[in-house]
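Quick look at my_file_22.txt (compact mmCIF, C-alpha atoms):
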```txt
# COMPACT_ATOMS: atom_id res chain seq x y z
CA MET A 1 -14.26 -1.42 -16.51
CA LYS A 2 -12.32 1.08 -18.57
CA TYR A 3 -8.62 1.40 -17.63
CA VAL A 4 -8.86 -1.85 -15.67
CA ASP A 5 -9.84 -4.69 -18.04
CA GLU A 6 -7.37 -3.73 -20.80
CA PHE A 7 -4.54 -4.00 -18.26
CA ARG A 8 -5.53 -7.57 -17.34
CA ASP A 9 -5.51 -9.15 -20.82
CA GLY A 10 -4.17 -12.71 -20.48
CA GLY A 11 -3.12 -13.03 -24.13
CA VAL A 12 -1.01 -9.89 -23.97
CA ALA A 13 0.48 -11.06 -20.65
CA ARG A 14 1.63 -14.31 -22.27
CA GLY A 15 3.11 -12.32 -25.16
CA ILE A 16 5.06 -10.09 -22.75
CA ALA A 17 6.18 -13.20 -20.85
CA ALA A 18 7.54 -14.67 -24.08
CA ALA A 19 9.35 -11.41 -24.87
CA LEU A 20 10.80 -11.37 -21.34
CA ALA A 21 12.01 -14.96 -21.68
CA GLY A 22 13.92 -13.86 -24.77
CA GLU A 23 15.59 -10.96 -22.99
CA VAL A 24 16.89 -12.52 -19.77
CA ASP A 25 20.42 -13.82 -19.46
CA ARG A 26 19.95 -17.52 -18.65
CA SER A 27 23.29 -17.71 -16.88
CA ARG A 28 22.33 -15.42 -14.00
CA GLN A 29 19.69 -14.96 -11.33
CA TYR A 30 17.54 -11.84 -11.00
CA SER A 31 15.72 -10.85 -7.85
CA PHE A 32 13.51 -7.83 -7.68
CA MET A 33 11.64 -6.56 -4.66
CA GLU A 34 8.09 -5.40 -5.16
CA PHE A 35 7.75 -2.94 -2.31
CA CYS A 36 3.95 -2.72 -2.32
CA GLY A 37 1.41 -5.20 -1.05
CA GLY A 38 -0.71 -4.23 -4.06
CA HIS A 39 1.95 -5.70 -6.34
CA THR A 40 2.38 -8.76 -4.10
CA HIS A 41 -1.36 -9.34 -4.41
CA ALA A 42 -1.32 -8.90 -8.21
CA ILE A 43 1.67 -11.26 -8.60
CA SER A 44 -0.15 -13.99 -6.63
CA ARG A 45 -3.65 -13.40 -7.89
CA TYR A 46 -2.87 -13.27 -11.61
CA GLY A 47 -0.25 -16.01 -11.60
CA ILE A 48 2.57 -13.67 -12.64
CA ALA A 49 5.09 -15.82 -10.76
CA GLU A 50 4.31 -18.66 -13.21
CA LEU A 51 4.77 -16.39 -16.22
CA LEU A 52 8.29 -15.36 -15.23
CA PRO A 53 11.43 -17.18 -16.39
CA PRO A 54 12.73 -19.51 -13.65
CA ASN A 55 15.74 -17.30 -12.95
CA VAL A 56 13.61 -14.22 -12.13
CA ARG A 57 12.49 -14.16 -8.51
CA MET A 58 10.19 -11.63 -6.88
CA VAL A 59 10.89 -10.75 -3.25
CA HIS A 60 7.92 -9.40 -1.31
CA GLY A 61 8.54 -6.08 0.41
CA PRO A 62 7.08 -4.43 3.50
CA GLY A 63 4.62 -2.17 1.65
CA CYS A 64 1.46 -3.30 3.37
CA PRO A 65 0.45 -0.77 6.03
CA VAL A 66 -1.63 -3.30 7.95
CA CYS A 67 1.30 -5.72 8.03
CA VAL A 68 3.83 -3.24 9.38
CA LEU A 69 1.59 -1.76 12.09
CA PRO A 70 3.09 -2.98 15.38
CA ILE A 71 1.01 -4.60 18.11
CA GLY A 72 1.62 -1.69 20.50
CA ARG A 73 -0.17 0.79 18.24
CA ILE A 74 -3.28 -1.39 17.99
CA ASP A 75 -3.16 -1.84 21.77
CA LEU A 76 -3.40 1.96 22.09
CA ALA A 77 -6.54 1.97 19.95
CA ILE A 78 -8.10 -0.96 21.82
CA GLY A 79 -7.35 0.80 25.11
CA LEU A 80 -9.15 3.92 23.94
CA ALA A 81 -12.18 1.91 22.88
CA LEU A 82 -12.39 -0.40 25.90
CA GLU A 83 -11.26 1.87 28.73
CA ARG A 84 -11.98 5.41 27.59
CA GLY A 85 -15.35 4.75 25.97
CA VAL A 86 -14.60 6.42 22.66
CA ILE A 87 -16.18 5.57 19.31
CA LEU A 88 -13.16 4.19 17.48
CA CYS A 89 -13.35 4.22 13.67
CA THR A 90 -10.93 2.62 11.28
CA TYR A 91 -10.52 1.01 7.86
CA GLY A 92 -11.77 -2.55 7.55
CA ASP A 93 -8.31 -4.00 6.93
CA VAL A 94 -7.21 -3.19 10.47
CA MET A 95 -10.04 -4.92 12.29
CA ARG A 96 -8.49 -8.39 12.51
CA VAL A 97 -4.85 -7.51 13.18
CA PRO A 98 -3.77 -9.51 16.24
CA ALA A 99 -2.96 -7.37 19.30
CA SER A 100 -1.95 -8.16 22.90
CA GLU A 101 -3.80 -10.65 25.11
CA GLY A 102 -5.37 -12.44 22.17
CA LEU A 103 -7.34 -9.33 21.27
CA SER A 104 -7.94 -7.56 17.98
CA LEU A 105 -10.25 -4.63 17.24
CA MET A 106 -12.84 -7.17 16.12
CA ARG A 107 -12.60 -9.10 19.41
CA ALA A 108 -12.63 -5.88 21.44
CA LYS A 109 -15.85 -5.00 19.61
CA ALA A 110 -17.29 -8.36 20.64
CA ARG A 111 -16.44 -7.42 24.25
CA GLY A 112 -18.60 -4.35 23.91
CA ALA A 113 -16.21 -1.68 22.64
CA ASP A 114 -17.77 0.78 20.20
CA ILE A 115 -15.56 0.13 17.18
CA ARG A 116 -16.81 1.00 13.72
CA MET A 117 -15.49 0.23 10.28
CA VAL A 118 -15.44 3.20 7.90
CA TYR A 119 -14.81 3.45 4.17
CA SER A 120 -13.37 6.92 4.32
CA ALA A 121 -11.86 9.29 6.88
CA ALA A 122 -14.75 11.60 5.98
CA ASP A 123 -17.18 9.01 7.39
CA ALA A 124 -15.40 9.26 10.75
CA LEU A 125 -15.86 13.02 10.69
CA THR A 126 -19.58 12.55 9.97
CA LEU A 127 -19.83 10.19 12.97
CA ALA A 128 -18.30 12.89 15.18
CA ARG A 129 -20.86 15.42 13.93
CA ASP A 130 -23.69 12.94 14.54
CA HIS A 131 -22.54 12.11 18.10
CA PRO A 132 -21.58 15.44 19.68
CA GLY A 133 -21.73 13.90 23.16
CA ARG A 134 -19.13 11.19 22.38
CA GLU A 135 -15.41 11.27 21.67
CA VAL A 136 -14.78 9.93 18.16
CA VAL A 137 -11.25 8.73 17.34
CA PHE A 138 -10.14 7.81 13.84
CA LEU A 139 -7.37 5.18 13.85
CA ALA A 140 -5.50 6.35 10.75
CA ILE A 141 -3.11 3.99 9.00
CA GLY A 142 -1.58 3.85 5.56
CA PHE A 143 1.19 5.06 3.30
CA GLU A 144 1.31 8.33 1.36
CA THR A 145 -1.77 7.27 -0.63
CA THR A 146 -4.00 7.32 2.43
CA THR A 147 -2.40 10.25 4.26
CA PRO A 148 -3.91 13.17 2.26
CA PRO A 149 -7.55 12.17 3.06
CA THR A 150 -6.62 12.06 6.78
CA ALA A 151 -4.99 15.50 6.50
CA LEU A 152 -8.15 16.83 4.86
CA VAL A 153 -10.46 15.65 7.68
CA ILE A 154 -8.17 17.09 10.36
CA ARG A 155 -8.22 20.42 8.54
CA GLN A 156 -12.01 20.24 8.17
CA ALA A 157 -12.45 19.39 11.85
CA ALA A 158 -10.25 22.36 12.79
CA LYS A 159 -12.23 24.67 10.51
CA ALA A 160 -15.54 23.46 11.96
CA GLY A 161 -14.20 23.59 15.53
CA LEU A 162 -15.30 20.00 16.09
CA ALA A 163 -14.36 19.39 19.72
CA ASN A 164 -15.06 15.64 19.93
CA PHE A 165 -12.96 14.41 16.98
CA SER A 166 -9.34 13.26 17.00
CA VAL A 167 -6.99 11.07 14.99
CA LEU A 168 -4.61 8.36 16.20
CA CYS A 169 -2.03 8.80 13.47
CA ASN A 170 0.02 5.85 12.16
CA HIS A 171 0.84 7.14 8.69
CA VAL A 172 4.17 5.84 7.41
CA LEU A 173 6.52 6.82 4.61
CA THR A 174 7.63 4.67 1.70
CA PRO A 175 11.06 6.14 0.86
CA SER A 176 12.40 5.76 4.40
CA ALA A 177 11.31 2.12 4.49
CA ILE A 178 13.10 1.43 1.20
CA THR A 179 16.25 3.13 2.57
CA HIS A 180 15.99 0.98 5.68
CA ILE A 181 15.85 -2.21 3.59
CA LEU A 182 18.80 -1.08 1.48
CA GLU A 183 20.76 -0.31 4.64
CA SER A 184 19.82 -3.58 6.38
CA PRO A 185 22.67 -6.04 7.00
CA GLU A 186 20.86 -8.75 5.02
CA VAL A 187 21.03 -6.65 1.88
CA ARG A 188 24.30 -4.82 2.42
CA GLU A 189 26.63 -7.36 3.91
CA TYR A 190 25.45 -10.92 4.04
CA GLY A 191 23.84 -10.97 0.64
CA THR A 192 21.02 -13.14 1.99
CA VAL A 193 18.56 -10.85 0.26
CA PRO A 194 20.03 -10.05 -3.11
CA ILE A 195 18.03 -7.22 -4.65
CA ASP A 196 18.74 -6.20 -8.23
CA GLY A 197 16.03 -3.56 -8.37
CA PHE A 198 12.63 -2.43 -7.15
CA VAL A 199 9.15 -2.41 -8.58
CA GLY A 200 8.17 1.02 -7.23
CA PRO A 201 4.82 1.89 -5.65
CA ALA A 202 1.80 2.66 -7.82
CA HIS A 203 -0.69 4.74 -5.90
CA VAL A 204 1.84 6.10 -3.41
CA SER A 205 3.71 7.53 -6.40
CA ILE A 206 0.58 9.28 -7.72
CA VAL A 207 0.84 11.40 -4.58
CA ILE A 208 4.62 11.76 -4.07
CA GLY A 209 5.74 11.52 -7.71
CA SER A 210 8.76 9.66 -9.06
CA ARG A 211 11.37 12.16 -7.81
CA PRO A 212 11.77 10.75 -4.25
CA TYR A 213 13.12 7.46 -5.67
CA GLU A 214 15.90 9.11 -7.69
CA HIS A 215 18.09 9.06 -4.58
CA PHE A 216 18.00 5.23 -4.31
CA ALA A 217 18.82 4.73 -7.94
CA GLU A 218 21.85 7.01 -7.63
CA GLU A 219 23.06 6.32 -4.10
CA TYR A 220 22.53 2.55 -3.99
CA ARG A 221 22.82 1.83 -7.72
CA LYS A 222 19.46 0.06 -7.78
CA PRO A 223 17.01 0.42 -10.67
CA VAL A 224 13.48 1.46 -9.71
CA VAL A 225 10.51 1.05 -12.05
CA ILE A 226 7.26 2.58 -10.83
CA ALA A 227 4.41 0.33 -11.93
CA GLY A 228 0.62 0.22 -11.82
CA PHE A 229 -1.13 -2.50 -9.84
CA GLU A 230 -2.61 -4.35 -12.83
CA PRO A 231 -0.90 -7.55 -14.02
CA LEU A 232 0.29 -6.15 -17.36
CA ASP A 233 1.82 -3.18 -15.53
CA VAL A 234 3.80 -5.55 -13.32
CA MET A 235 4.96 -7.68 -16.28
CA GLN A 236 6.09 -4.60 -18.20
CA ALA A 237 7.93 -3.27 -15.14
CA ILE A 238 9.83 -6.55 -14.78
CA VAL A 239 10.87 -6.33 -18.45
CA MET A 240 12.08 -2.76 -17.83
CA LEU A 241 14.03 -3.85 -14.73
CA VAL A 242 15.70 -6.72 -16.60
CA ARG A 243 16.70 -4.31 -19.37
CA GLN A 244 18.23 -1.88 -16.84
CA VAL A 245 20.21 -4.69 -15.22
CA GLU A 246 21.40 -6.00 -18.59
CA GLN A 247 22.44 -2.52 -19.73
CA GLY A 248 24.13 -1.72 -16.42
CA ARG A 249 21.78 1.19 -15.72
CA ALA A 250 20.31 2.20 -12.34
CA GLU A 251 17.59 4.74 -13.04
CA VAL A 252 14.08 5.61 -12.00
CA GLU A 253 11.71 4.67 -14.79
CA ASN A 254 7.98 5.15 -14.81
CA GLU A 255 5.73 2.49 -16.29
CA PHE A 256 2.64 4.04 -14.67
CA THR A 257 2.75 7.23 -16.74
CA ARG A 258 -1.05 7.34 -16.99
CA ALA A 259 -1.19 8.39 -13.34
CA VAL A 260 2.30 9.24 -12.04
CA THR A 261 4.33 12.36 -12.83
CA ARG A 262 7.76 13.35 -11.57
CA ASP A 263 6.34 15.87 -9.12
CA GLY A 264 3.22 13.98 -8.00
CA ASN A 265 0.01 15.52 -6.69
CA LEU A 266 1.04 18.94 -5.38
CA ALA A 267 -2.38 19.74 -3.89
CA ALA A 268 -2.20 16.54 -1.82
CA GLN A 269 1.40 17.21 -0.76
CA ALA A 270 0.43 20.73 0.37
CA VAL A 271 -2.36 19.60 2.70
CA VAL A 272 -0.18 16.81 4.11
CA SER A 273 2.66 19.18 4.98
CA GLU A 274 0.22 21.68 6.46
CA VAL A 275 -1.16 19.11 8.93
CA PHE A 276 1.68 16.63 9.51
CA GLU A 277 5.35 16.70 10.42
CA LEU A 278 8.00 13.96 10.60
CA ARG A 279 8.22 11.69 13.62
CA PRO A 280 11.84 11.24 14.71
CA SER A 281 11.28 7.49 14.93
CA PHE A 282 8.48 4.96 14.51
CA GLU A 283 8.33 1.21 15.09
CA TRP A 284 7.49 -0.96 12.09
CA ARG A 285 6.57 -4.58 12.57
CA GLY A 286 9.46 -6.55 11.10
CA LEU A 287 11.78 -3.59 10.58
CA GLY A 288 11.93 -2.28 14.16
CA GLU A 289 12.42 1.42 14.88
CA VAL A 290 12.94 3.28 11.62
CA PRO A 291 14.12 6.91 11.86
CA TYR A 292 11.97 9.59 10.21
CA SER A 293 9.69 6.98 8.71
CA ALA A 294 6.29 8.20 9.90
CA LEU A 295 4.20 11.31 10.36
CA LYS A 296 2.64 12.93 13.38
CA ILE A 297 0.12 15.71 13.70
CA ARG A 298 1.63 19.21 13.91
CA PRO A 299 1.28 21.09 17.25
CA ALA A 300 -1.04 23.61 15.54
CA PHE A 301 -3.56 20.75 15.20
CA ALA A 302 -2.80 19.15 18.61
CA ASP A 303 -6.48 19.37 19.62
CA PHE A 304 -7.17 16.70 17.00
CA ASP A 305 -4.24 14.46 17.95
CA ALA A 306 -5.56 11.52 19.98
CA GLU A 307 -2.07 10.85 21.41
CA ALA A 308 -1.99 14.35 22.93
CA ARG A 309 -5.66 14.51 23.85
CA PHE A 310 -5.70 11.20 25.75
CA GLY A 311 -2.10 11.34 26.98
CA LEU A 312 -1.17 8.09 25.24
CA SER A 313 2.31 6.64 25.51
CA TYR A 314 3.57 3.90 23.23
CA ARG A 315 4.69 0.56 24.63
CA PRO A 316 6.35 -1.88 22.23
CA VAL A 317 5.09 -5.48 22.35
CA PRO A 318 7.03 -8.39 20.82
CA ASP A 319 5.38 -10.52 18.13
CA HIS A 320 4.34 -14.15 18.64
CA LYS A 321 7.56 -16.12 19.12
CA GLN A 322 7.15 -18.43 16.15
CA CYS A 323 5.66 -15.85 13.81
CA GLU A 324 8.04 -15.09 10.94
CA CYS A 325 6.27 -11.91 9.78
CA GLY A 326 9.33 -9.85 10.65
CA ALA A 327 11.69 -11.84 8.44
CA ILE A 328 9.05 -12.10 5.70
CA LEU A 329 8.57 -8.31 5.69
CA ARG A 330 12.32 -7.87 5.24
CA GLY A 331 12.35 -10.32 2.35
CA VAL A 332 14.58 -12.76 4.29
CA LYS A 333 11.99 -15.55 4.51
CA LYS A 334 9.05 -16.75 2.46
CA PRO A 335 5.60 -17.48 3.94
CA VAL A 336 6.14 -21.25 3.64
CA ASP A 337 9.27 -20.96 5.80
CA CYS A 338 7.03 -20.15 8.79
CA LYS A 339 5.88 -23.03 10.99
CA LEU A 340 2.58 -21.29 11.66
CA PHE A 341 1.75 -20.71 7.97
CA GLY A 342 -1.43 -22.49 6.95
CA THR A 343 -1.55 -24.49 10.17
CA VAL A 344 -2.54 -22.29 13.09
CA CYS A 345 -2.20 -19.08 11.08
CA THR A 346 -4.80 -18.69 8.32
CA PRO A 347 -6.70 -15.69 6.91
CA ASP A 348 -9.69 -16.70 9.08
CA ASN A 349 -7.58 -16.80 12.22
CA PRO A 350 -4.40 -14.80 11.61
CA MET A 351 -1.57 -15.02 14.14
CA GLY A 352 0.67 -12.60 12.31
CA SER A 353 -0.07 -9.40 10.45
CA CYS A 354 1.06 -10.70 7.02
CA MET A 355 -1.92 -13.08 7.09
CA VAL A 356 -4.45 -10.30 7.79
CA SER A 357 -4.60 -8.01 4.81
CA SER A 358 -5.17 -9.53 1.35
CA GLU A 359 -2.00 -7.65 0.39
CA GLY A 360 0.08 -9.39 3.02
CA ALA A 361 2.63 -11.85 1.63
CA CYS A 362 1.20 -14.74 3.70
CA ALA A 363 -2.45 -14.04 2.87
CA ALA A 364 -1.64 -13.68 -0.84
CA HIS A 365 0.29 -16.95 -0.88
CA TYR A 366 -2.36 -18.75 1.20
CA THR A 367 -5.18 -17.58 -1.06
CA TYR A 368 -3.60 -17.99 -4.48
CA GLY A 369 -0.30 -19.79 -4.29
CA ARG A 370 -0.22 -22.50 -1.66
CA PHE A 371 -1.24 -25.35 -3.99
CA ARG A 372 1.67 -24.47 -6.26
CA ASP A 373 3.98 -25.92 -3.61
CA ILE A 374 2.35 -29.34 -3.82
CA PRO A 375 3.57 -31.48 -6.71
CA VAL A 376 0.86 -32.77 -9.03
CA VAL A 377 0.83 -36.59 -9.04
CA ALA A 378 -1.34 -39.11 -10.86
CA ALA A 379 -4.02 -40.64 -8.64
CA MET B 1 -4.83 -0.88 1.62
CA CYS B 2 -3.64 1.33 -1.23
CA LEU B 3 -6.49 -0.05 -3.34
CA ALA B 4 -7.70 2.57 -5.80
CA LEU B 5 -9.75 2.36 -8.98
CA PRO B 6 -10.20 4.64 -11.98
CA ALA B 7 -13.74 6.07 -12.14
CA ARG B 8 -15.39 8.55 -14.54
CA LEU B 9 -16.32 11.90 -13.09
CA VAL B 10 -20.02 12.39 -13.86
CA HIS B 11 -20.59 15.82 -12.37
CA ARG B 12 -19.22 18.02 -9.67
CA LEU B 13 -21.17 19.00 -6.57
CA ASP B 14 -20.53 21.78 -4.07
CA ASP B 15 -18.02 21.50 -1.23
CA ASP B 16 -15.29 19.78 -3.32
CA ARG B 17 -17.48 16.75 -3.90
CA ALA B 18 -18.33 14.95 -7.13
CA VAL B 19 -20.34 11.98 -8.40
CA VAL B 20 -18.26 9.29 -10.09
CA ASP B 21 -19.28 6.26 -12.12
CA LEU B 22 -17.38 3.02 -11.68
CA GLY B 23 -18.63 0.37 -14.09
CA GLY B 24 -22.21 1.58 -13.61
CA VAL B 25 -21.99 2.13 -9.85
CA ARG B 26 -22.33 5.78 -8.84
CA LYS B 27 -20.81 7.21 -5.73
CA THR B 28 -20.19 10.62 -4.23
CA ILE B 29 -16.53 11.23 -3.49
CA SER B 30 -14.27 14.13 -2.52
CA VAL B 31 -12.27 15.88 -5.25
CA ALA B 32 -10.54 18.26 -2.85
CA LEU B 33 -7.16 16.72 -3.75
CA THR B 34 -7.70 16.97 -7.52
CA PRO B 35 -8.96 20.51 -8.16
CA GLU B 36 -8.15 20.08 -11.87
CA ALA B 37 -10.54 17.12 -12.36
CA GLN B 38 -13.29 17.85 -14.88
CA THR B 39 -16.52 16.18 -15.93
CA GLY B 40 -15.75 13.20 -18.14
CA SER B 41 -12.19 12.73 -16.92
CA TYR B 42 -11.16 9.58 -15.09
CA VAL B 43 -10.02 10.04 -11.52
CA ILE B 44 -8.26 7.48 -9.33
CA VAL B 45 -10.43 6.92 -6.28
CA HIS B 46 -8.96 5.83 -2.95
CA VAL B 47 -10.91 5.74 0.35
CA GLY B 48 -13.56 8.10 -1.01
CA HIS B 49 -11.11 10.65 -2.41
CA ALA B 50 -9.83 11.27 -5.91
CA ILE B 51 -6.04 11.20 -5.49
CA GLY B 52 -5.09 11.72 -9.13
CA VAL B 53 -6.42 12.31 -12.62
CA LEU B 54 -5.78 9.65 -15.24
CA ASP B 55 -3.98 10.75 -18.39
CA ALA B 56 -5.93 9.10 -21.24
CA ASP B 57 -3.18 9.67 -23.84
CA GLU B 58 -0.54 8.08 -21.62
CA ALA B 59 -2.87 5.11 -20.98
CA GLU B 60 -3.18 4.58 -24.76
CA ARG B 61 0.58 4.84 -25.20
CA THR B 62 1.19 2.25 -22.45
CA LEU B 63 -1.32 -0.16 -24.00
CA ALA B 64 0.32 0.30 -27.42
CA LEU B 65 3.69 -0.48 -25.83
CA PHE B 66 2.29 -3.68 -24.26
CA ALA B 67 0.84 -4.77 -27.62
CA GLU B 68 4.16 -4.14 -29.38
CA LEU B 69 6.15 -6.04 -26.75
CA ALA B 70 3.66 -8.92 -26.71
CA ALA B 71 3.79 -9.15 -30.51
CA SER B 72 7.61 -9.29 -30.41
CA GLY B 73 7.36 -12.13 -27.88
CA THR B 74 4.94 -14.24 -29.88
CA GLN B 75 6.71 -13.88 -33.24
CA PRO B 76 8.87 -16.85 -34.14
```

Would you kindly transcribe this structure into structure tokens?
Amino acid sequence: MKYVDEFRDGGVARGIAAALAGEVDRSRQYSFMEFCGGHTHAISRYGIAELLPPNVRMVHGPGCPVCVLPIGRIDLAIGLALERGVILCTYGDVMRVPASEGLSLMRAKARGADIRMVYSAADALTLARDHPGREVVFLAIGFETTTPPTALVIRQAAKAGLANFSVLCNHVLTPSAITHILESPEVREYGTVPIDGFVGPAHVSIVIGSRPYEHFAEEYRKPVVIAGFEPLDVMQAIVMLVRQVEQGRAEVENEFTRAVTRDGNLAAQAVVSEVFELRPSFEWRGLGEVPYSALKIRPAFADFDAEARFGLSYRPVPDHKQCECGAILRGVKKPVDCKLFGTVCTPDNPMGSCMVSSEGACAAHYTYGRFRDIPVVAA
Amino acid sequence: MCLALPARLVHRLDDDRAVVDLGGVRKTISVALTPEAQTGSYVIVHVGHAIGVLDADEAERTLALFAELAASGTQP
């Protein structure tokens, strides 16, 4: 496929790896956080970790919307489907996220709830049109990439006066999560998570542009390199980060120039700000309550806000006691540090959210990396 | 979740929709977020919506940069 295959060329990747090996300072350690699950997935899937010099470590960040969605929010959706008889639609990634009482959307469906997987928010709107006698709720999750399509369907539903459609909004914001990590005690004080720079989001940045990251580079003196999700993009971004560190710079650089501009997609930003406003606080799995880190539907569109329409109130639910997703999402622990990893918690039967989505740090390591940990011995 | 792929815009339809071609697979998507997208251009498709238009010149420049860096790495 054009614009995909060229960015996965193994020979070029090895060449860049050799160039990188020549540029790093052997006497020091580098650790860079890739914020996005898309990068985590690429690093595991294409063996990028093996191509890096031994003193360059990648720390997985919390940029996987499925992983950071707290149990309490999924409980709200399950409640709507099981007790209020709505048709609940959502993206496929969310279906297996563990919720309270051993339930997930998938298991609630098996109990008879009308839960449907959709490819696009527009499909949920079509379902509402096709079932005028039923309430249709779209469980919306995702970062800035996924928010504009949700805003569009809310606007369309308002225009069409669709009375049986609403959205349970869980859209979250990338920059506030990065600020939260930079402000966390692990990064600021204890130095348990040394971060020398960030690989910045790919598709989120198409929408928001590179400007929102300029603040981190300046305020926290951390380099940010926005990178595409293909393996060569990630390799190149790591080279650019190493160069910034070596030259003592802390700037926002853009490797993904074929899709990201400084201002981003203004049409998308306009529809998002028309429909959504900031939530004062939102709970993230692993990070806890993060101020101004999520969006809610503006009062002008309250008819389409499932929280208002069904009078929902959020109740936080703690994670499984032994699940280390929280620490993994903050970059403090690695998947293999968790007792549940690969034993009771697997992609087929996830206990924690990081094992659910293919972009989750645990699922990526389970699928592509877990045999790396076992030394090869002669039979 | 943020999965998105570049696809060629084949032709536009009414109501901000368009047909795209992704490695031979054709699909109708929304182009409401990319009003500037034209026939023949590559759009980045995410959950049934084009969220951005790919800059072909920048893509070539990035690939040239990769090739140059890779060549510097493999030279003795």

Can you pull out every residue within 9 Å of Asn170 (chain A), counting only C-alpha atoms, but drop anything in the same chain fewer than 5 positions away, and send it as a ChimeraX atom specification? /A:69,73,139-143,282,294-296

Just give me the residues with any atom within 6 Å of (-20.2, 12.9, 16.3), file coordinates, counting all atoms listed in the file, written as a list in words. Leu127, Ala128, Arg129, Asp130, His131 and Pro132 of chain A

Which residues of region 8-48 of chain B come within 12 Å of region 254-265 of chain A, and for each one, what is the closest pair of atoms and their distance in Å to one decimal, counting only C-alpha atoms, sorted by chain and residue number, as JSON lines?
```
{"residue": "B:Ala32", "atom": "CA", "partner": "A:Asn265", "partner_atom": "CA", "distance": 11.6}
{"residue": "B:Leu33", "atom": "CA", "partner": "A:Asn265", "partner_atom": "CA", "distance": 7.8}
{"residue": "B:Thr34", "atom": "CA", "partner": "A:Asn265", "partner_atom": "CA", "distance": 7.9}
{"residue": "B:Pro35", "atom": "CA", "partner": "A:Asn265", "partner_atom": "CA", "distance": 10.4}
{"residue": "B:Glu36", "atom": "CA", "partner": "A:Asn265", "partner_atom": "CA", "distance": 10.7}
{"residue": "B:Tyr42", "atom": "CA", "partner": "A:Ala259", "partner_atom": "CA", "distance": 10.2}
{"residue": "B:Val43", "atom": "CA", "partner": "A:Ala259", "partner_atom": "CA", "distance": 9.2}
{"residue": "B:Ile44", "atom": "CA", "partner": "A:Ala259", "partner_atom": "CA", "distance": 8.2}
{"residue": "B:Val45", "atom": "CA", "partner": "A:Ala259", "partner_atom": "CA", "distance": 11.7}
```

With a cut-off of 6 Å and counting only C-alpha atoms, select all residues of chain A in contact with chain B and give the selection as a JSON list (two decimals) with C-alpha atoms, keeping the file's coordinate frame.
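Wrote it out as selection.json, contents follow:
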```
[["chain", "number", "residue", "atom", "x", "y", "z"],
["A", 1, "MET", "CA", -14.26, -1.42, -16.51],
["A", 12, "VAL", "CA", -1.01, -9.89, -23.97],
["A", 15, "GLY", "CA", 3.11, -12.32, -25.16],
["A", 16, "ILE", "CA", 5.06, -10.09, -22.75],
["A", 18, "ALA", "CA", 7.54, -14.67, -24.08],
["A", 19, "ALA", "CA", 9.35, -11.41, -24.87],
["A", 119, "TYR", "CA", -14.81, 3.45, 4.17],
["A", 120, "SER", "CA", -13.37, 6.92, 4.32],
["A", 257, "THR", "CA", 2.75, 7.23, -16.74],
["A", 258, "ARG", "CA", -1.05, 7.34, -16.99],
["A", 259, "ALA", "CA", -1.19, 8.39, -13.34],
["A", 267, "ALA", "CA", -2.38, 19.74, -3.89],
["A", 268, "ALA", "CA", -2.20, 16.54, -1.82]]
```

Judged by only C-alpha atoms, the minimum distance to Gln156 (chain A) among B:Asp15, B:Asp21, B:Thr28, B:Ala64 is found for B:Asp15

Polymer residues at most 8 Å from Phe304 (chain A), only C-alpha atoms, same-chain spacing of 5 or more positions, as a ChimeraX atom specification: /A:154,157-158,165-167,309
